[in-house]
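Printed here is entry.txt (compact mmCIF, C-alpha atoms):
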```txt
# COMPACT_ATOMS: atom_id res chain seq x y z
CA MET A 204 -30.19 -27.87 -17.17
CA ALA A 205 -30.88 -24.91 -19.42
CA ALA A 206 -33.39 -25.32 -22.20
CA VAL A 207 -32.13 -25.42 -25.78
CA ASP A 208 -32.50 -22.04 -27.46
CA THR A 209 -34.04 -22.29 -30.91
CA THR A 210 -32.88 -18.78 -31.91
CA SER A 211 -29.48 -18.18 -33.44
CA ASN A 212 -26.75 -16.27 -31.67
CA GLU A 213 -27.41 -13.33 -33.97
CA ASP A 214 -31.09 -13.18 -33.01
CA TYR A 215 -30.37 -13.71 -29.33
CA GLU A 216 -27.80 -10.89 -29.24
CA THR A 217 -30.13 -8.67 -31.23
CA GLN A 218 -32.75 -9.12 -28.50
CA LEU A 219 -30.30 -7.92 -25.87
CA PHE A 220 -28.53 -5.12 -27.76
CA GLU A 221 -31.57 -4.15 -29.85
CA PHE A 222 -29.38 -4.14 -32.97
CA SER A 223 -27.74 -6.83 -35.07
CA PRO A 224 -23.99 -7.17 -34.35
CA LYS A 225 -23.34 -8.20 -37.94
CA ALA A 226 -25.23 -5.21 -39.33
CA PHE A 227 -23.47 -2.94 -36.84
CA PHE A 228 -20.05 -4.16 -37.91
CA ASP A 229 -20.98 -3.90 -41.60
CA GLU A 230 -21.68 -0.21 -41.02
CA VAL A 231 -18.34 0.22 -39.25
CA LYS A 232 -16.56 -1.63 -42.07
CA GLY A 233 -18.28 0.56 -44.65
CA ILE A 234 -17.19 3.74 -42.88
CA ILE A 235 -13.58 2.54 -42.68
CA LEU A 236 -13.55 1.54 -46.35
CA GLU A 237 -15.09 4.85 -47.38
CA ARG A 238 -12.44 6.84 -45.48
CA LEU A 239 -9.70 4.66 -46.95
CA CYS A 240 -10.94 5.23 -50.51
CA GLU A 241 -11.14 8.96 -49.87
CA GLY A 242 -7.52 8.92 -48.71
CA ILE A 243 -6.38 7.07 -51.87
CA ASP A 244 -8.35 9.40 -54.13
CA LEU A 245 -6.82 12.42 -52.39
CA LEU A 246 -3.36 10.92 -52.83
CA GLU A 247 -4.04 10.33 -56.54
CA GLU A 248 -5.17 13.94 -56.99
CA GLN A 249 -2.01 15.24 -55.35
CA LEU A 250 0.20 12.95 -57.45
CA LYS A 251 -1.44 14.20 -60.65
CA LYS A 252 -0.03 17.63 -59.86
CA VAL A 253 3.50 16.23 -60.15
CA PRO A 254 5.04 17.13 -63.53
CA GLU A 255 5.11 14.29 -66.07
CA SER A 256 8.85 14.75 -66.39
CA ILE A 257 9.11 13.42 -62.86
CA LEU A 258 6.08 11.07 -62.75
CA SER A 259 4.42 10.06 -65.99
CA GLN A 260 0.72 9.33 -66.32
CA GLU A 261 1.41 5.67 -66.99
CA GLU A 262 3.58 5.33 -63.88
CA LEU A 263 0.93 7.10 -61.84
CA GLU A 264 -1.81 4.75 -63.01
CA GLN A 265 0.35 1.69 -62.37
CA GLY A 266 1.25 2.96 -58.89
CA ILE A 267 -2.37 3.73 -57.97
CA THR A 268 -3.44 0.29 -59.25
CA ARG A 269 -0.80 -1.47 -57.14
CA LEU A 270 -1.74 0.67 -54.14
CA HIS A 271 -5.39 -0.37 -54.52
CA GLN A 272 -4.39 -4.03 -54.74
CA HIS A 273 -2.20 -3.94 -51.64
CA THR A 274 -4.71 -1.83 -49.73
CA ASP A 275 -7.61 -4.15 -50.59
CA SER A 276 -5.59 -7.22 -49.60
CA ASN A 277 -4.45 -5.76 -46.30
CA PHE A 278 -7.87 -4.28 -45.60
CA ASN A 279 -9.63 -7.61 -46.11
CA LYS A 280 -7.19 -9.44 -43.81
CA THR A 281 -7.39 -6.80 -41.10
CA ILE A 282 -11.14 -6.33 -41.26
CA HIS A 283 -11.67 -10.10 -41.13
CA LYS A 284 -9.70 -10.33 -37.85
CA LEU A 285 -11.47 -7.29 -36.45
CA GLU A 286 -14.87 -8.70 -37.39
CA GLY A 287 -14.11 -11.99 -35.67
CA LEU A 288 -12.95 -10.16 -32.52
CA ALA A 289 -15.99 -7.89 -32.44
CA ILE A 290 -18.71 -10.43 -33.17
CA ASP A 291 -17.24 -13.52 -31.48
CA THR A 292 -15.87 -11.72 -28.39
CA LEU A 293 -16.95 -8.12 -27.83
CA LEU A 294 -20.58 -8.48 -28.91
CA LYS A 295 -21.05 -12.13 -27.99
CA ILE A 296 -23.35 -12.96 -25.09
CA PRO A 297 -21.65 -15.35 -22.60
CA PRO A 298 -23.48 -18.64 -22.01
CA HIS A 299 -24.38 -17.72 -18.41
CA ILE A 300 -26.14 -14.48 -19.40
CA LEU A 301 -29.89 -14.85 -19.84
CA LEU A 302 -32.44 -12.41 -21.11
CA PRO A 303 -35.22 -11.22 -18.78
CA GLY A 304 -37.75 -13.22 -20.76
CA ASP A 305 -35.92 -16.54 -20.49
CA VAL A 306 -37.67 -19.30 -18.60
CA GLU A 307 -34.49 -20.03 -16.63
CA GLN A 308 -34.82 -16.65 -14.93
CA VAL A 309 -38.12 -17.54 -13.30
CA THR A 310 -36.96 -19.56 -10.27
CA GLN A 311 -38.67 -20.18 -6.97
CA VAL A 312 -36.72 -19.92 -3.71
CA SER A 313 -37.70 -22.41 -1.05
CA VAL A 314 -38.59 -21.44 2.51
CA ALA A 315 -35.62 -23.43 3.77
CA ASP A 316 -33.24 -21.41 1.61
CA VAL A 317 -34.71 -18.16 2.89
CA ALA A 318 -34.40 -19.35 6.50
CA LEU A 319 -30.80 -20.42 5.93
CA LEU A 320 -29.98 -17.05 4.40
CA GLN A 321 -31.61 -15.23 7.31
CA THR A 322 -29.60 -17.33 9.78
CA GLU A 323 -26.38 -16.40 8.02
CA ILE A 324 -27.37 -12.73 8.11
CA ASP A 325 -28.13 -12.95 11.84
CA ASN A 326 -24.77 -14.61 12.47
CA LEU A 327 -23.02 -11.85 10.61
CA HIS A 328 -24.85 -9.22 12.68
CA THR A 329 -23.83 -11.02 15.89
CA GLN A 330 -20.21 -11.25 14.72
CA LEU A 331 -20.24 -7.56 13.89
CA LYS A 332 -21.55 -6.67 17.37
CA ASN A 333 -18.87 -8.81 19.00
CA GLU A 334 -16.19 -7.17 16.90
CA LYS A 335 -17.41 -3.71 17.91
CA TYR A 336 -17.52 -4.74 21.59
CA MET A 337 -13.97 -6.13 21.49
CA GLN A 338 -12.77 -3.02 19.70
CA ALA A 339 -14.28 -0.84 22.42
CA ARG A 340 -12.62 -2.98 25.12
CA TYR A 341 -9.25 -2.68 23.39
CA GLN A 342 -9.66 1.08 23.21
CA GLU A 343 -10.39 1.25 26.95
CA GLU A 344 -7.38 -0.93 27.78
CA LEU A 345 -5.17 1.16 25.56
CA GLN A 346 -6.37 4.33 27.26
CA GLU A 347 -5.67 2.83 30.69
CA ILE A 348 -2.16 1.84 29.61
CA ASN A 349 -1.50 5.34 28.33
CA GLU A 350 -2.71 6.83 31.62
CA VAL A 351 -0.43 4.52 33.64
CA LEU A 352 2.54 5.39 31.47
CA GLU A 353 1.76 9.07 31.87
CA GLN A 354 1.57 8.74 35.67
CA GLN A 355 4.86 6.84 35.74
CA GLN A 356 6.52 9.53 33.66
CA LYS A 357 5.19 12.24 35.97
CA LEU A 358 6.42 10.33 39.01
CA LYS A 359 9.81 9.85 37.44
CA ASN A 360 10.08 13.52 36.58
CA SER A 361 9.03 14.62 40.10
CA VAL A 362 11.27 12.20 42.04
CA LEU A 363 14.36 12.32 39.87
CA SER A 364 14.88 15.94 39.02
CA CYS A 365 18.06 17.06 37.26
CA PRO A 366 19.98 18.05 40.48
CA GLN A 367 18.95 14.83 42.17
CA ILE A 368 20.06 12.79 39.20
CA LYS A 369 23.42 14.65 39.25
CA CYS A 370 23.80 13.95 42.98
CA ALA A 371 23.00 10.28 42.47
CA GLU A 372 25.59 10.09 39.71
CA ASP A 373 28.22 11.71 41.95
CA LEU A 374 27.47 9.27 44.76
CA LYS A 375 27.73 6.42 42.32
CA GLN A 376 31.13 7.62 41.11
CA ASN A 377 32.36 8.08 44.73
CA LEU A 378 31.22 4.60 45.62
CA LEU A 379 32.98 3.14 42.61
CA PHE A 380 36.17 5.05 43.57
CA ILE A 381 36.01 3.73 47.13
CA GLN A 382 35.45 0.17 45.96
CA ALA A 383 38.34 0.40 43.50
CA ASN A 384 40.78 1.92 46.09
CA GLU A 385 39.56 0.11 49.21
CA ALA A 386 43.00 -1.31 50.09
CA ASP A 387 44.82 2.03 49.70
CA ILE A 388 42.13 3.86 51.66
CA LYS A 389 42.36 1.30 54.49
CA LEU A 390 46.16 1.61 54.56
CA ALA A 391 45.98 5.42 54.67
CA ASN A 392 43.40 5.23 57.41
CA ASP A 393 45.61 2.95 59.47
CA LYS A 394 48.58 5.30 59.07
CA ALA A 395 46.44 8.26 60.06
CA LYS A 396 45.39 6.44 63.24
CA GLU A 397 49.01 5.61 64.02
CA VAL A 398 50.09 9.23 63.60
CA PHE A 399 47.22 10.36 65.79
CA ILE A 400 48.27 7.93 68.53
CA ASN A 401 51.90 9.09 68.39
CA ILE A 402 50.87 12.74 68.58
CA SER A 403 48.66 12.06 71.58
CA GLN A 404 51.60 10.44 73.44
CA ILE A 405 53.89 13.50 73.14
CA ARG A 406 54.27 15.40 76.46
CA ILE A 407 54.96 19.13 76.15
CA PRO A 408 56.89 20.47 79.25
CA GLY A 409 55.37 23.39 81.14
CA PRO A 410 56.93 26.88 81.43
CA THR A 411 58.59 26.14 84.80
CA LYS A 412 60.47 23.18 83.43
CA LEU A 413 61.51 25.13 80.42
CA LEU A 414 62.83 27.97 82.60
CA SER A 415 64.77 25.60 84.76
CA LYS A 416 66.53 24.26 81.68
CA GLY A 417 67.34 27.73 80.44
CA ILE A 418 65.21 27.51 77.35
CA ILE A 419 63.33 30.69 78.26
CA GLU A 420 65.47 33.65 79.21
```
Could the structure of this file be written out as structure tokens, please?
Amino acid sequence: MAAVDTTSNEDYETQLFEFSPKAFFDEVKGIILERLCEGIDLLEEQLKKVPESILSQEELEQGITRLHQHTDSNFNKTIHKLEGLAIDTLLKIPPHILLPGDVEQVTQVSVADVALLQTEIDNLHTQLKNEKYMQARYQEELQEINEVLEQQQKLKNSVLSCPQIKCAEDLKQNLLFIQANEADIKLANDKAKEVFINISQIRIPGPTKLLSKGIIE
């Protein structure tokens, strides 16, 4: 449990930033107010150049007075919100932040904690080595696969050249035609055999027989 700090938040933040947040914001607020007053004074000087027939001196004084009132009211509201944001948020030290001189910073690490941390580091080194080994194996396997695919492509290109592929396609189409017209082809084949048999049975007479019948003069 952290020790109770006897210094105020202002003093504690001043130790870290080396300046007081409240004093810093007071300077910022003073600069803003100074520039705002300069702007109103410049506006008043320019309005004084307006002819009194258009803007009388009394109206000018009343307008400048009302402008100061509204400006002061709005300035105080705005600067109050900005101061709360700057000091309570932007320049506020979170509870878990400690200064180098705080007692809580001086902690002793046990030997067991150091050994446990070293074991975890060694395990991470071993895991990293295993990951690198598996990555190398995957690269080798991928290279082997690429080589096999390349050899298969070469074999395909050498065996099935374009003319051979065209010939195979023609044979495939002829085979499909034969299968589709098998009955008609068989019928035509049978008729061709029958005609061949009939032609082979025809006997042509010799010249002597033809002369005896008066065919040849």
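If you measure from each of A:Asp275, A:Asp373, A:Asp393, A:Asp291 to Cys240 of chain A using all atoms listed in the file, the closest one turns out to be A:Asp275.
Nearest residue to Leu246 of chain A, choosing from A:Lys357, A:His271, A:Phe278, A:Asn384 and counting all atoms listed in the file: A:His271.
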Practice item. Rounded to one decimal place, report the atom CA of Ile235 of chain A-atom CA of Glu216 of chain A distance in Å. Key: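 Computing it gives 23.7 Å between the two atoms.
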Exercise for review: Determine, counting only C-alpha atoms, which protein, DNA and RNA residues have an atom within 8 Å of an atom of Lys225 of chain A; residues of the same chain fewer than 3 positions away are not included. Present the result as a PyMOL selection string.
Suggested key: chain A and resi 213+228-229+290
Check your understanding: How far is it from atom CA of Leu288 of chain A to atom CA of Pro224 of chain A, in Å with one decimal?
Key ->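 Taking atom CA of Leu288 of chain A and atom CA of Pro224 of chain A, their separation equals 11.6 Å.
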Review point. What does the distance between atom CA of Phe227 of chain A and atom CA of His299 of chain A come to in Å, to one decimal place?
Key: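 Taking atom CA of Phe227 of chain A as the start and atom CA of His299 of chain A as the end point, the length is 23.6 Å.
Distances to Phe222 of chain A were evaluated for A:Lys394, A:Leu236, A:Leu294, A:Glu385 using all atoms listed in the file, and the minimum falls at A:Leu294.
With all atoms listed in the file as the atoms that count, the minimum distance from Asp214 of chain A to the choices A:Leu320, A:Gln382, A:Gly242, A:Lys295 is reached by A:Lys295.
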Using the file's own x, y and z axes, what box holds all listed atoms of segment 220-229 of chain A with 4 Å on each side, keeping edges along x, y and z, and what are its centre and edge lengths in Å to one decimal, as lines of an AutoDock Vina configuration file?
```
center_x = -25.8
center_y = -5.6
center_z = -34.7
size_x = 19.5
size_y = 13.3
size_z = 21.8
```
